[in-house]
$ cat entry.cif   # mmCIF, C-alpha atoms
data_data
loop_
_atom_site.group_PDB
_atom_site.id
_atom_site.type_symbol
_atom_site.label_atom_id
_atom_site.label_comp_id
_atom_site.auth_asym_id
_atom_site.auth_seq_id
_atom_site.Cartn_x
_atom_site.Cartn_y
_atom_site.Cartn_z
ATOM 1 C CA MET A 22 17.859 29.107 5.932
ATOM 2 C CA TYR A 23 18.509 25.366 6.202
ATOM 3 C CA MET A 24 16.891 22.256 4.753
ATOM 4 C CA ALA A 25 17.395 18.570 3.991
ATOM 5 C CA SER A 26 18.378 17.766 0.440
ATOM 6 C CA ASN A 27 16.451 15.873 -2.221
ATOM 7 C CA ALA A 28 14.977 12.443 -1.475
ATOM 8 C CA ALA A 29 14.885 9.637 -4.033
ATOM 9 C CA SER A 30 12.292 9.986 -6.756
ATOM 10 C CA LEU A 31 8.951 8.221 -6.583
ATOM 11 C CA ALA A 32 9.789 6.406 -9.819
ATOM 12 C CA THR A 33 12.766 4.706 -8.181
ATOM 13 C CA HIS A 34 10.675 3.735 -5.147
ATOM 14 C CA ARG A 35 8.068 2.300 -7.485
ATOM 15 C CA ASN A 36 10.674 0.197 -9.323
ATOM 16 C CA MET A 37 11.884 -1.249 -6.036
ATOM 17 C CA ALA A 38 8.260 -1.958 -5.104
ATOM 18 C CA TYR A 39 7.670 -3.918 -8.317
ATOM 19 C CA ILE A 40 10.781 -5.996 -7.679
ATOM 20 C CA ALA A 41 9.643 -6.669 -4.107
ATOM 21 C CA LEU A 42 6.146 -7.644 -5.263
ATOM 22 C CA VAL A 43 7.490 -10.103 -7.852
ATOM 23 C CA ALA A 44 9.855 -11.569 -5.247
ATOM 24 C CA GLY A 45 7.033 -12.099 -2.776
ATOM 25 C CA PHE A 46 4.724 -13.594 -5.404
ATOM 26 C CA VAL A 47 7.309 -16.100 -6.665
ATOM 27 C CA ALA A 48 8.379 -17.015 -3.114
ATOM 28 C CA MET A 49 4.765 -17.616 -2.131
ATOM 29 C CA LEU A 50 4.024 -19.828 -5.165
ATOM 30 C CA SER A 51 7.271 -21.762 -4.658
ATOM 31 C CA ASN A 52 6.426 -22.286 -1.009
ATOM 32 C CA PHE A 53 2.988 -23.668 -1.867
ATOM 33 C CA TYR A 54 4.601 -25.982 -4.407
ATOM 34 C CA TYR A 55 7.082 -27.291 -1.827
ATOM 35 C CA VAL A 56 4.257 -27.895 0.639
ATOM 36 C CA GLN A 57 2.284 -29.809 -1.988
ATOM 37 C CA ILE A 58 5.174 -32.017 -3.151
ATOM 38 C CA LEU A 59 6.471 -32.841 0.323
ATOM 39 C CA SER A 60 3.010 -33.399 1.778
ATOM 40 C CA TYR A 61 2.278 -35.777 -1.100
ATOM 41 C CA SER A 62 5.524 -37.670 -0.372
ATOM 42 C CA VAL A 63 4.677 -37.941 3.326
ATOM 43 C CA GLY A 64 1.204 -39.204 2.483
ATOM 44 C CA LEU A 65 2.618 -41.744 0.037
ATOM 45 C CA VAL A 66 5.073 -43.093 2.623
ATOM 46 C CA LYS A 67 2.344 -43.364 5.244
ATOM 47 C CA GLY A 68 0.108 -45.149 2.758
ATOM 48 C CA ILE A 69 2.839 -47.684 1.944
ATOM 49 C CA THR A 70 3.565 -48.228 5.630
ATOM 50 C CA THR A 71 -0.119 -48.786 6.382
ATOM 51 C CA THR A 72 -0.418 -51.273 3.517
ATOM 52 C CA ILE A 73 2.673 -53.213 4.648
ATOM 53 C CA ASN A 74 1.375 -53.475 8.190
ATOM 54 C CA ALA A 75 -2.162 -54.382 7.114
ATOM 55 C CA TYR A 76 -1.126 -57.193 4.759
ATOM 56 C CA ASN A 77 2.021 -58.273 6.606
ATOM 57 C CA ILE A 78 4.203 -57.680 3.523
ATOM 58 C CA THR A 79 7.976 -58.037 3.730
ATOM 59 C CA PRO A 80 9.416 -54.888 2.116
ATOM 60 C CA SER A 81 12.519 -54.911 -0.062
ATOM 61 C CA ALA A 82 15.791 -53.348 1.081
ATOM 62 C CA SER A 83 15.325 -50.308 -1.150
ATOM 63 C CA LEU A 84 11.767 -49.791 0.112
ATOM 64 C CA LEU A 85 12.970 -50.021 3.692
ATOM 65 C CA ALA A 86 15.595 -47.367 2.984
ATOM 66 C CA SER A 87 12.889 -45.094 1.573
ATOM 67 C CA LEU A 88 10.629 -45.665 4.544
ATOM 68 C CA GLU A 89 13.424 -44.847 6.977
ATOM 69 C CA GLY A 90 13.535 -41.335 5.490
ATOM 70 C CA SER A 91 9.860 -40.648 6.230
ATOM 71 C CA SER A 92 10.653 -38.865 9.501
ATOM 72 C CA ALA A 93 12.940 -36.499 7.599
ATOM 73 C CA LEU A 94 10.099 -35.809 5.149
ATOM 74 C CA ALA A 95 7.830 -34.837 8.030
ATOM 75 C CA ILE A 96 10.471 -32.402 9.280
ATOM 76 C CA ALA A 97 10.766 -30.957 5.780
ATOM 77 C CA VAL A 98 7.025 -30.332 5.647
ATOM 78 C CA HIS A 99 7.212 -28.471 8.954
ATOM 79 C CA ILE A 100 10.046 -26.344 7.556
ATOM 80 C CA THR A 101 7.798 -25.332 4.651
ATOM 81 C CA TYR A 102 5.116 -24.355 7.190
ATOM 82 C CA ILE A 103 7.654 -22.060 8.862
ATOM 83 C CA MET A 104 8.642 -20.629 5.480
ATOM 84 C CA LEU A 105 5.039 -19.867 4.524
ATOM 85 C CA PRO A 106 4.482 -16.795 6.753
ATOM 86 C CA PHE A 107 7.734 -15.252 5.533
ATOM 87 C CA SER A 108 6.728 -15.706 1.880
ATOM 88 C CA LEU A 109 3.321 -14.169 2.664
ATOM 89 C CA ILE A 110 5.013 -11.264 4.461
ATOM 90 C CA MET A 111 7.262 -10.696 1.427
ATOM 91 C CA PHE A 112 4.227 -10.560 -0.853
ATOM 92 C CA ALA A 113 2.279 -8.300 1.524
ATOM 93 C CA ILE A 114 5.223 -5.894 1.861
ATOM 94 C CA GLY A 115 5.527 -5.723 -1.924
ATOM 95 C CA ALA A 116 1.816 -4.902 -2.269
ATOM 96 C CA VAL A 117 1.880 -2.236 0.464
ATOM 97 C CA TRP A 118 5.111 -0.813 -0.914
ATOM 98 C CA LEU A 119 3.532 -0.386 -4.346
ATOM 99 C CA ILE A 120 0.618 1.731 -3.074
ATOM 100 C CA SER A 121 2.432 3.513 -0.254
ATOM 101 C CA ARG A 122 3.724 7.082 -0.505
ATOM 102 C CA HIS A 123 6.072 6.915 2.440
ATOM 103 C CA GLY A 124 7.643 4.522 4.938
ATOM 104 C CA TYR A 125 9.886 3.015 2.253
ATOM 105 C CA ARG A 126 12.793 2.474 4.626
ATOM 106 C CA VAL A 127 10.704 0.431 7.077
ATOM 107 C CA LEU A 128 9.237 -1.634 4.234
ATOM 108 C CA SER A 129 12.676 -2.293 2.764
ATOM 109 C CA ILE A 130 14.001 -3.490 6.123
ATOM 110 C CA GLY A 131 10.995 -5.795 6.469
ATOM 111 C CA MET A 132 11.536 -7.173 2.960
ATOM 112 C CA LEU A 133 15.245 -7.669 3.566
ATOM 113 C CA PHE A 134 14.676 -9.498 6.864
ATOM 114 C CA SER A 135 11.902 -11.751 5.476
ATOM 115 C CA SER A 136 13.893 -12.576 2.334
ATOM 116 C CA ILE A 137 16.994 -13.560 4.296
ATOM 117 C CA ILE A 138 15.029 -15.796 6.700
ATOM 118 C CA PHE A 139 13.161 -17.371 3.789
ATOM 119 C CA ALA A 140 16.457 -17.971 1.954
ATOM 120 C CA LEU A 141 18.072 -19.609 5.004
ATOM 121 C CA LEU A 142 15.114 -21.957 5.530
ATOM 122 C CA LEU A 143 15.064 -22.694 1.813
ATOM 123 C CA ALA A 144 18.776 -23.567 1.898
ATOM 124 C CA VAL A 145 18.209 -26.027 4.770
ATOM 125 C CA LEU A 146 15.311 -27.592 2.904
ATOM 126 C CA ASP A 147 17.081 -27.739 -0.455
ATOM 127 C CA THR A 148 20.157 -29.398 1.030
ATOM 128 C CA ASP A 149 18.258 -32.609 1.798
ATOM 129 C CA PHE A 150 15.397 -32.381 -0.700
ATOM 130 C CA TYR A 151 16.770 -31.132 -3.996
ATOM 131 C CA LEU A 152 13.970 -30.926 -6.571
ATOM 132 C CA GLY A 153 15.970 -30.105 -9.672
ATOM 133 C CA PRO A 154 17.765 -27.056 -11.101
ATOM 134 C CA ILE A 155 14.675 -25.126 -12.243
ATOM 135 C CA ILE A 156 12.346 -25.830 -9.320
ATOM 136 C CA GLY A 157 15.199 -25.413 -6.858
ATOM 137 C CA LEU A 158 16.587 -22.187 -8.304
ATOM 138 C CA VAL A 159 13.309 -20.291 -8.810
ATOM 139 C CA PRO A 160 12.633 -19.649 -5.082
ATOM 140 C CA PHE A 161 16.290 -18.694 -4.586
ATOM 141 C CA ALA A 162 15.906 -16.193 -7.432
ATOM 142 C CA ALA A 163 12.844 -14.786 -5.620
ATOM 143 C CA THR A 164 14.784 -14.296 -2.390
ATOM 144 C CA ALA A 165 17.600 -12.667 -4.356
ATOM 145 C CA LEU A 166 15.099 -10.196 -5.800
ATOM 146 C CA GLY A 167 13.703 -9.547 -2.316
ATOM 147 C CA ILE A 168 17.153 -8.878 -0.922
ATOM 148 C CA LEU A 169 17.977 -6.727 -3.958
ATOM 149 C CA SER A 170 14.883 -4.554 -3.462
ATOM 150 C CA GLY A 171 15.566 -4.178 0.258
ATOM 151 C CA LEU A 172 19.222 -3.272 -0.200
ATOM 152 C CA GLY A 173 18.393 -1.012 -3.134
ATOM 153 C CA GLU A 174 15.863 0.994 -1.146
ATOM 154 C CA LEU A 175 18.180 1.227 1.859
ATOM 155 C CA SER A 176 20.925 2.484 -0.441
ATOM 156 C CA ILE A 177 18.581 5.137 -1.810
ATOM 157 C CA SER A 178 17.594 6.198 1.708
ATOM 158 C CA ASN A 179 21.200 6.296 2.880
ATOM 159 C CA ARG A 180 22.257 8.409 -0.099
ATOM 160 C CA ALA A 181 19.408 10.798 0.643
ATOM 161 C CA GLN A 182 20.467 11.045 4.288
ATOM 162 C CA ASN A 183 24.126 11.463 3.424
ATOM 163 C CA SER A 184 23.301 14.238 1.005
ATOM 164 C CA SER A 185 21.085 16.017 3.518
ATOM 165 C CA SER A 186 23.824 18.145 5.000
ATOM 166 C CA LEU A 187 22.418 21.486 6.001
ATOM 167 C CA ARG A 188 23.356 24.241 3.632
ATOM 168 C CA PRO A 189 22.720 27.941 4.240
ATOM 169 C CA ILE A 190 20.448 29.759 1.807
ATOM 170 C CA SER A 191 20.550 33.505 2.070
ATOM 171 C CA ILE A 192 17.138 35.212 2.077
ATOM 172 C CA ASP A 193 17.293 38.906 1.389
ATOM 173 C CA PRO A 194 14.121 40.775 2.461
ATOM 174 C CA ASP A 195 14.801 43.261 -0.347
ATOM 175 C CA THR A 196 14.332 40.567 -3.043
ATOM 176 C CA PRO A 197 10.973 38.952 -2.202
ATOM 177 C CA TYR A 198 10.261 37.691 -5.723
ATOM 178 C CA SER A 199 13.656 36.005 -6.052
ATOM 179 C CA ASN A 200 13.186 34.561 -2.593
ATOM 180 C CA MET A 201 9.938 32.890 -3.692
ATOM 181 C CA LEU A 202 11.663 31.223 -6.619
ATOM 182 C CA LEU A 203 14.536 30.146 -4.421
ATOM 183 C CA LEU A 204 12.219 28.706 -1.755
ATOM 184 C CA SER A 205 10.159 26.886 -4.347
ATOM 185 C CA LYS A 206 13.190 25.202 -5.926
ATOM 186 C CA LYS A 207 15.302 24.606 -2.846
ATOM 187 C CA PHE A 208 12.697 23.720 -0.245
ATOM 188 C CA PHE A 209 9.086 23.161 -1.280
ATOM 189 C CA SER A 210 9.941 21.127 -4.385
ATOM 190 C CA LYS A 211 11.742 18.651 -2.097
ATOM 191 C CA LEU A 212 8.742 17.871 0.094
ATOM 192 C CA GLU A 213 7.532 14.277 -0.255
ATOM 193 C CA GLY A 214 4.152 12.663 0.415
ATOM 194 C CA ASP A 215 1.331 14.283 2.360
ATOM 195 C CA ILE A 216 2.010 17.761 3.752
ATOM 196 C CA LEU A 217 1.025 19.015 7.195
ATOM 197 C CA ILE A 218 1.165 22.763 7.918
ATOM 198 C CA LEU A 219 0.798 24.446 11.278
ATOM 199 C CA ASP A 220 0.711 28.238 10.894
ATOM 200 C CA MET A 221 -1.236 30.367 13.358
ATOM 201 C CA HIS A 222 -1.469 33.253 10.861
ATOM 202 C CA PHE A 223 -2.461 31.328 7.739
ATOM 203 C CA ASP A 224 -4.462 33.810 5.665
ATOM 204 C CA SER A 225 -5.282 34.737 2.054
ATOM 205 C CA LYS A 226 -1.728 35.909 1.415
ATOM 206 C CA ALA A 227 -0.435 32.604 2.761
ATOM 207 C CA ILE A 228 -2.632 30.795 0.237
ATOM 208 C CA GLU A 229 -1.191 32.909 -2.592
ATOM 209 C CA ASN A 230 2.357 32.228 -1.458
ATOM 210 C CA LEU A 231 1.664 28.518 -0.994
ATOM 211 C CA LEU A 232 0.395 28.192 -4.557
ATOM 212 C CA VAL A 233 3.587 29.744 -5.892
ATOM 213 C CA LEU A 234 5.832 27.726 -3.589
ATOM 214 C CA LEU A 235 4.215 24.429 -4.556
ATOM 215 C CA GLU A 236 4.443 25.183 -8.274
ATOM 216 C CA GLN A 237 7.338 22.736 -8.741
ATOM 217 C CA SER A 238 5.932 19.939 -6.543
ATOM 218 C CA GLN A 239 4.745 18.019 -9.655
ATOM 219 C CA ASN A 240 1.640 16.712 -7.874
ATOM 220 C CA ARG A 241 3.612 14.419 -5.566
ATOM 221 C CA HIS A 242 1.185 15.083 -2.719
ATOM 222 C CA ALA A 243 -2.150 13.343 -2.200
ATOM 223 C CA SER A 244 -3.331 15.556 0.628
ATOM 224 C CA MET A 245 -2.551 18.663 2.619
ATOM 225 C CA ARG A 246 -3.731 19.329 6.171
ATOM 226 C CA ILE A 247 -3.492 22.851 7.547
ATOM 227 C CA LEU A 248 -3.864 24.051 11.135
ATOM 228 C CA SER A 249 -4.454 27.751 11.798
ATOM 229 C CA SER A 250 -5.937 30.067 14.369
ATOM 230 C CA SER A 251 -9.010 32.232 13.841
ATOM 231 C CA ASN A 252 -7.052 35.506 13.853
ATOM 232 C CA ARG A 253 -6.840 35.962 10.069
ATOM 233 C CA LEU A 254 -10.080 34.322 8.980
ATOM 234 C CA GLY A 255 -12.881 36.285 7.350
ATOM 235 C CA SER A 256 -15.008 36.636 4.238
ATOM 236 C CA HIS A 257 -12.034 37.372 1.985
ATOM 237 C CA PHE A 258 -10.195 34.306 3.299
ATOM 238 C CA ASP A 259 -13.351 32.243 2.843
ATOM 239 C CA ARG A 260 -13.412 32.897 -0.908
ATOM 240 C CA SER A 261 -9.673 32.363 -1.286
ATOM 241 C CA TYR A 262 -9.700 29.120 0.669
ATOM 242 C CA PHE A 263 -12.507 27.455 -1.268
ATOM 243 C CA ASP A 264 -10.997 28.518 -4.597
ATOM 244 C CA PHE A 265 -7.659 27.128 -3.433
ATOM 245 C CA LYS A 266 -9.280 23.892 -2.281
ATOM 246 C CA GLU A 267 -11.077 23.452 -5.610
ATOM 247 C CA GLU A 268 -7.929 24.116 -7.626
ATOM 248 C CA MET A 269 -5.939 21.600 -5.594
ATOM 249 C CA ALA A 270 -8.727 19.027 -5.962
ATOM 250 C CA ASN A 271 -8.454 19.407 -9.737
ATOM 251 C CA LYS A 272 -4.795 18.450 -9.362
ATOM 252 C CA GLY A 273 -5.655 15.410 -7.241
ATOM 253 C CA ILE A 274 -4.685 16.992 -3.916
ATOM 254 C CA SER A 275 -7.230 17.052 -1.099
ATOM 255 C CA ILE A 276 -7.125 20.032 1.258
ATOM 256 C CA GLU A 277 -8.483 20.243 4.791
ATOM 257 C CA LEU A 278 -8.143 23.255 7.068
ATOM 258 C CA ARG A 279 -8.921 23.143 10.771
ATOM 259 C CA VAL A 280 -9.107 26.056 13.204
ATOM 260 C CA MET A 281 -7.265 25.706 16.504
ATOM 261 C CA SER A 282 -8.847 26.594 19.789
ATOM 262 C CA GLY A 283 -7.805 29.885 21.346
ATOM 263 C CA ASN A 284 -5.833 28.059 24.028
ATOM 264 C CA ASP A 285 -3.859 25.965 21.523
ATOM 265 C CA ALA A 286 -3.151 29.040 19.386
ATOM 266 C CA GLN A 287 -1.763 30.920 22.405
ATOM 267 C CA GLN A 288 0.480 28.036 23.450
ATOM 268 C CA GLN A 289 1.784 27.253 19.950
ATOM 269 C CA HIS A 290 4.706 29.507 19.075
ATOM 270 C CA GLU A 291 6.388 27.549 16.272
ATOM 271 C CA ARG A 292 5.143 27.232 12.715
ATOM 272 C CA LEU A 293 5.728 23.813 11.198
ATOM 273 C CA ILE A 294 5.749 21.982 7.894
ATOM 274 C CA ILE A 295 5.852 18.180 8.035
ATOM 275 C CA ASP A 296 6.174 15.847 5.068
ATOM 276 C CA ALA A 297 6.639 12.074 4.755
ATOM 277 C CA ASN A 298 10.278 12.190 5.844
ATOM 278 C CA ASN A 299 11.061 15.387 7.744
ATOM 279 C CA ALA A 300 9.710 18.262 9.800
ATOM 280 C CA TYR A 301 10.754 21.906 9.632
ATOM 281 C CA LYS A 302 10.278 25.065 11.640
ATOM 282 C CA ILE A 303 9.336 27.837 9.213
ATOM 283 C CA PRO A 304 8.552 31.571 9.158
ATOM 284 C CA PRO A 305 4.909 32.613 8.633
ATOM 285 C CA ILE A 306 3.931 31.555 5.122
ATOM 286 C CA ASN A 307 2.272 34.898 4.398
ATOM 287 C CA ILE A 308 5.651 36.649 4.790
ATOM 288 C CA ILE A 309 7.988 33.681 4.240
ATOM 289 C CA ASN A 310 9.778 35.504 1.407
ATOM 290 C CA ARG A 311 10.199 38.740 3.351
ATOM 291 C CA LYS A 312 11.230 37.585 6.824
ATOM 292 C CA SER A 313 14.887 37.010 7.580
ATOM 293 C CA GLU A 314 14.367 33.812 9.512
ATOM 294 C CA HIS A 315 15.845 30.331 9.146
ATOM 295 C CA ILE A 316 13.969 27.205 8.094
ATOM 296 C CA VAL A 317 15.350 24.570 10.451
ATOM 297 C CA SER A 318 14.987 20.785 10.344
ATOM 298 C CA ILE A 319 13.503 19.528 13.627
ATOM 299 C CA ASN A 320 12.454 16.197 15.153
ATOM 300 C CA ARG A 321 9.682 14.766 12.967
ATOM 301 C CA GLY A 322 8.273 12.344 15.552
ATOM 302 C CA GLU A 323 7.740 15.021 18.190
ATOM 303 C CA SER A 324 6.406 17.524 15.636
ATOM 304 C CA LEU A 325 3.972 15.011 14.149
ATOM 305 C CA ALA A 326 2.690 14.026 17.590
ATOM 306 C CA ARG A 327 2.135 17.692 18.471
ATOM 307 C CA PHE A 328 0.358 18.349 15.178
ATOM 308 C CA GLU A 329 -1.963 15.353 15.532
ATOM 309 C CA GLU A 330 -2.758 16.264 19.125
ATOM 310 C CA ILE A 331 -3.881 19.770 18.145
ATOM 311 C CA TRP A 332 -5.598 18.466 14.991
ATOM 312 C CA GLN A 333 -7.892 16.214 17.009
ATOM 313 C CA ARG A 334 -9.007 19.160 19.159
ATOM 314 C CA SER A 335 -9.508 21.580 16.275
ATOM 315 C CA THR A 336 -12.620 22.442 14.261
ATOM 316 C CA LYS A 337 -12.957 21.805 10.558
ATOM 317 C CA TYR A 338 -13.112 25.167 8.776
ATOM 318 C CA GLU A 339 -16.423 24.371 7.073
ATOM 319 C CA ASN A 340 -17.972 23.675 10.490
ATOM 320 C CA TYR A 341 -16.273 26.641 12.127
ATOM 321 C CA ASN A 342 -17.739 28.854 9.421
ATOM 322 C CA LYS A 343 -21.258 27.827 10.413
ATOM 323 C CA LYS A 344 -20.880 28.884 14.034
#

$ encode --input "entry.cif" --output "structure tokens"
Amino acid sequence: MYMASNAASLATHRNMAYIALVAGFVAMLSNFYYVQILSYSVGLVKGITTTINAYNITPSASLLASLEGSSALAIAVHITYIMLPFSLIMFAIGAVWLISRHGYRVLSIGMLFSSIIFALLLAVLDTDFYLGPIIGLVPFAATALGILSGLGELSISNRAQNSSSLRPISIDPDTPYSNMLLLSKKFFSKLEGDILILDMHFDSKAIENLLVLLEQSQNRHASMRILSSSNRLGSHFDRSYFDFKEEMANKGISIELRVMSGNDAQQQHERLIIDANNAYKIPPINIINRKSEHIVSINRGESLARFEEIWQRSTKYENYNKK
């Protein structure tokens, strides 16, 4: 049996999310402050120029020097306008990151890119319009935090990928109880985020096994979607399923089971488990501890697309039960 190794903990992801959110918030406030100060300066220069022209006043040499820099002020204001969407993106990424359960790598790349662009524009602006050590350093500190959160999350993801070398786990059909413990610790406890299961023979025994296998998941899953065929469904399964659904709901995990059409069930030969990061081909869950078969990591994108395609055509179990 083969599997990918442990991903970074949700606590670490959450810490990176807090850092990203603070970075975005400070960058956004700093950007608004720059817009206000520079816009005020541009308005002041235009007001002075209008007054001079209206009253035919001869300006002093120092005033003329200040007025000659008005075009540069206008350019600076436009730079702050360009910076604004990047500061808003940083803040939005931080907010989404904080509530998200997956997609951390994409969010970290977005934060890293936005922070770097914001920092470069800020450096151009600060070169000609230095506003003091505190006001000037605060937005740079925000971009540093943004870059730190992005690099930190990428480092976590890379370590998880580097440690995901496939390692064989021997499953002996003669030791089913030990196999369940082994599977729970070495495979199911590593699943992250929402879980998708496609198993044509998902039955009451599969529910029993699934409860044991998920024992060490520590409620890291918000939902579980299960696709099955109608072959093993009946009154006994009905009672088991609704008890299982209620128990999971008490743990904060929503369960939905859909029944595949006969055509989809005939064409689907592989049983799948998909989490937030990976997809695996698995043995039937009802005999997963007794069947000498490998769990193999497979392409998540293709597996997810196949699952969603069948899911849309399938019937919710509660509705199927009323037929």

$ closest_residue --input "entry.cif" --among "A:Phe112, A:Arg311, A:Gly214, A:Ala297" --to "Met201 of chain A" --atoms "only C-alpha atoms"
A:Arg311

$ atom_distance --input "entry.cif" --atom1 "atom CA of Ile331 of chain A" --atom2 "atom CA of Met221 of chain A"
11.9 Å

$ closest_residue --input "entry.cif" --among "A:Glu236, A:Glu339, A:Glu329, A:Asp220" --to "Tyr301 of chain A" --atoms "all atoms listed in the file"
A:Asp220

$ resolve_selection --input "entry.cif" --expression "the PyMOL selection byres ((chain A and resi 262) around 12)" --output "PyMOL selection string"
chain A and resi 223-229+231-232+247+253-261+263-269+276-279+338-339+342

$ closest_residue --input "entry.cif" --among "A:Ile137, A:Ile40, A:Leu325, A:Ala165" --to "Asn298 of chain A" --atoms "all atoms listed in the file"
A:Leu325

$ atom_distance --input "entry.cif" --atom1 "atom CA of Asn200 of chain A" --atom2 "atom CA of Ala270 of chain A"
27.1 Å

$ residues_near_point --input "entry.cif" --point "(14.7, -22.3, 2.3)" --cutoff "12 Å" --atoms "all atoms listed in the file" --output "PDB file with C-alpha atoms, in the coordinates of the input"
ATOM      1  CA  ALA A  48       8.379 -17.015  -3.114  1.00  0.00           C
ATOM      2  CA  MET A  49       4.765 -17.616  -2.131  1.00  0.00           C
ATOM      3  CA  SER A  51       7.271 -21.762  -4.658  1.00  0.00           C
ATOM      4  CA  ASN A  52       6.426 -22.286  -1.009  1.00  0.00           C
ATOM      5  CA  TYR A  55       7.082 -27.291  -1.827  1.00  0.00           C
ATOM      6  CA  VAL A  56       4.257 -27.895   0.639  1.00  0.00           C
ATOM      7  CA  ALA A  97      10.766 -30.957   5.780  1.00  0.00           C
ATOM      8  CA  VAL A  98       7.025 -30.332   5.647  1.00  0.00           C
ATOM      9  CA  HIS A  99       7.212 -28.471   8.954  1.00  0.00           C
ATOM     10  CA  ILE A 100      10.046 -26.344   7.556  1.00  0.00           C
ATOM     11  CA  THR A 101       7.798 -25.332   4.651  1.00  0.00           C
ATOM     12  CA  TYR A 102       5.116 -24.355   7.190  1.00  0.00           C
ATOM     13  CA  ILE A 103       7.654 -22.060   8.862  1.00  0.00           C
ATOM     14  CA  MET A 104       8.642 -20.629   5.480  1.00  0.00           C
ATOM     15  CA  LEU A 105       5.039 -19.867   4.524  1.00  0.00           C
ATOM     16  CA  PHE A 107       7.734 -15.252   5.533  1.00  0.00           C
ATOM     17  CA  SER A 108       6.728 -15.706   1.880  1.00  0.00           C
ATOM     18  CA  SER A 135      11.902 -11.751   5.476  1.00  0.00           C
ATOM     19  CA  SER A 136      13.893 -12.576   2.334  1.00  0.00           C
ATOM     20  CA  ILE A 137      16.994 -13.560   4.296  1.00  0.00           C
ATOM     21  CA  ILE A 138      15.029 -15.796   6.700  1.00  0.00           C
ATOM     22  CA  PHE A 139      13.161 -17.371   3.789  1.00  0.00           C
ATOM     23  CA  ALA A 140      16.457 -17.971   1.954  1.00  0.00           C
ATOM     24  CA  LEU A 141      18.072 -19.609   5.004  1.00  0.00           C
ATOM     25  CA  LEU A 142      15.114 -21.957   5.530  1.00  0.00           C
ATOM     26  CA  LEU A 143      15.064 -22.694   1.813  1.00  0.00           C
ATOM     27  CA  ALA A 144      18.776 -23.567   1.898  1.00  0.00           C
ATOM     28  CA  VAL A 145      18.209 -26.027   4.770  1.00  0.00           C
ATOM     29  CA  LEU A 146      15.311 -27.592   2.904  1.00  0.00           C
ATOM     30  CA  ASP A 147      17.081 -27.739  -0.455  1.00  0.00           C
ATOM     31  CA  THR A 148      20.157 -29.398   1.030  1.00  0.00           C
ATOM     32  CA  ASP A 149      18.258 -32.609   1.798  1.00  0.00           C
ATOM     33  CA  PHE A 150      15.397 -32.381  -0.700  1.00  0.00           C
ATOM     34  CA  TYR A 151      16.770 -31.132  -3.996  1.00  0.00           C
ATOM     35  CA  GLY A 157      15.199 -25.413  -6.858  1.00  0.00           C
ATOM     36  CA  LEU A 158      16.587 -22.187  -8.304  1.00  0.00           C
ATOM     37  CA  VAL A 159      13.309 -20.291  -8.810  1.00  0.00           C
ATOM     38  CA  PRO A 160      12.633 -19.649  -5.082  1.00  0.00           C
ATOM     39  CA  PHE A 161      16.290 -18.694  -4.586  1.00  0.00           C
ATOM     40  CA  ALA A 162      15.906 -16.193  -7.432  1.00  0.00           C
ATOM     41  CA  ALA A 163      12.844 -14.786  -5.620  1.00  0.00           C
ATOM     42  CA  THR A 164      14.784 -14.296  -2.390  1.00  0.00           C
TER      43      THR A 164
END

$ residues_around --input "entry.cif" --residues "segment 280-287 of chain A" --least-positions-apart "5" --cutoff "9 Å" --atoms "all atoms listed in the file" --output "short mmCIF file (atom, residue, chain, number, x, y, z; two decimals) with C-alpha atoms, in the frame of the given file"
data_model
loop_
_atom_site.label_atom_id
_atom_site.label_comp_id
_atom_site.auth_asym_id
_atom_site.auth_seq_id
_atom_site.Cartn_x
_atom_site.Cartn_y
_atom_site.Cartn_z
CA MET A 221 -1.24 30.37 13.36
CA ILE A 247 -3.49 22.85 7.55
CA LEU A 248 -3.86 24.05 11.14
CA SER A 249 -4.45 27.75 11.80
CA SER A 250 -5.94 30.07 14.37
CA SER A 251 -9.01 32.23 13.84
CA ILE A 331 -3.88 19.77 18.14
CA TRP A 332 -5.60 18.47 14.99
CA ARG A 334 -9.01 19.16 19.16
CA SER A 335 -9.51 21.58 16.27
CA THR A 336 -12.62 22.44 14.26
CA LYS A 337 -12.96 21.80 10.56
CA TYR A 338 -13.11 25.17 8.78
CA TYR A 341 -16.27 26.64 12.13
#

$ atom_distance --input "entry.cif" --atom1 "atom CA of Ile303 of chain A" --atom2 "atom CA of Tyr125 of chain A"
25.8 Å

$ axis_aligned_box --input "entry.cif" --around "segment 314-327 of chain A" --padding-each-side "3 Å" --output "JSON"
{"center_x": 9.0, "center_y": 23.1, "center_z": 13.3, "size_x": 19.7, "size_y": 27.5, "size_z": 16.4}

$ build_atoms --input "entry.cif" --residues "segment 165-170 of chain A" --atoms "N, CA and C atoms" --output "compact mmCIF listing (two decimals), in the frame of the given file"
# COMPACT_ATOMS: atom_id res chain seq x y z
N ALA A 165 16.57 -13.61 -3.88
CA ALA A 165 17.60 -12.67 -4.36
C ALA A 165 16.97 -11.35 -4.76
N LEU A 166 15.80 -11.43 -5.43
CA LEU A 166 15.10 -10.20 -5.80
C LEU A 166 14.62 -9.44 -4.56
N GLY A 167 14.14 -10.19 -3.56
CA GLY A 167 13.70 -9.55 -2.32
C GLY A 167 14.83 -8.83 -1.62
N ILE A 168 15.98 -9.50 -1.54
CA ILE A 168 17.15 -8.88 -0.92
C ILE A 168 17.63 -7.68 -1.74
N LEU A 169 17.57 -7.83 -3.08
CA LEU A 169 17.98 -6.73 -3.96
C LEU A 169 17.10 -5.50 -3.75
N SER A 170 15.78 -5.70 -3.66
CA SER A 170 14.88 -4.55 -3.46
C SER A 170 15.11 -3.90 -2.11
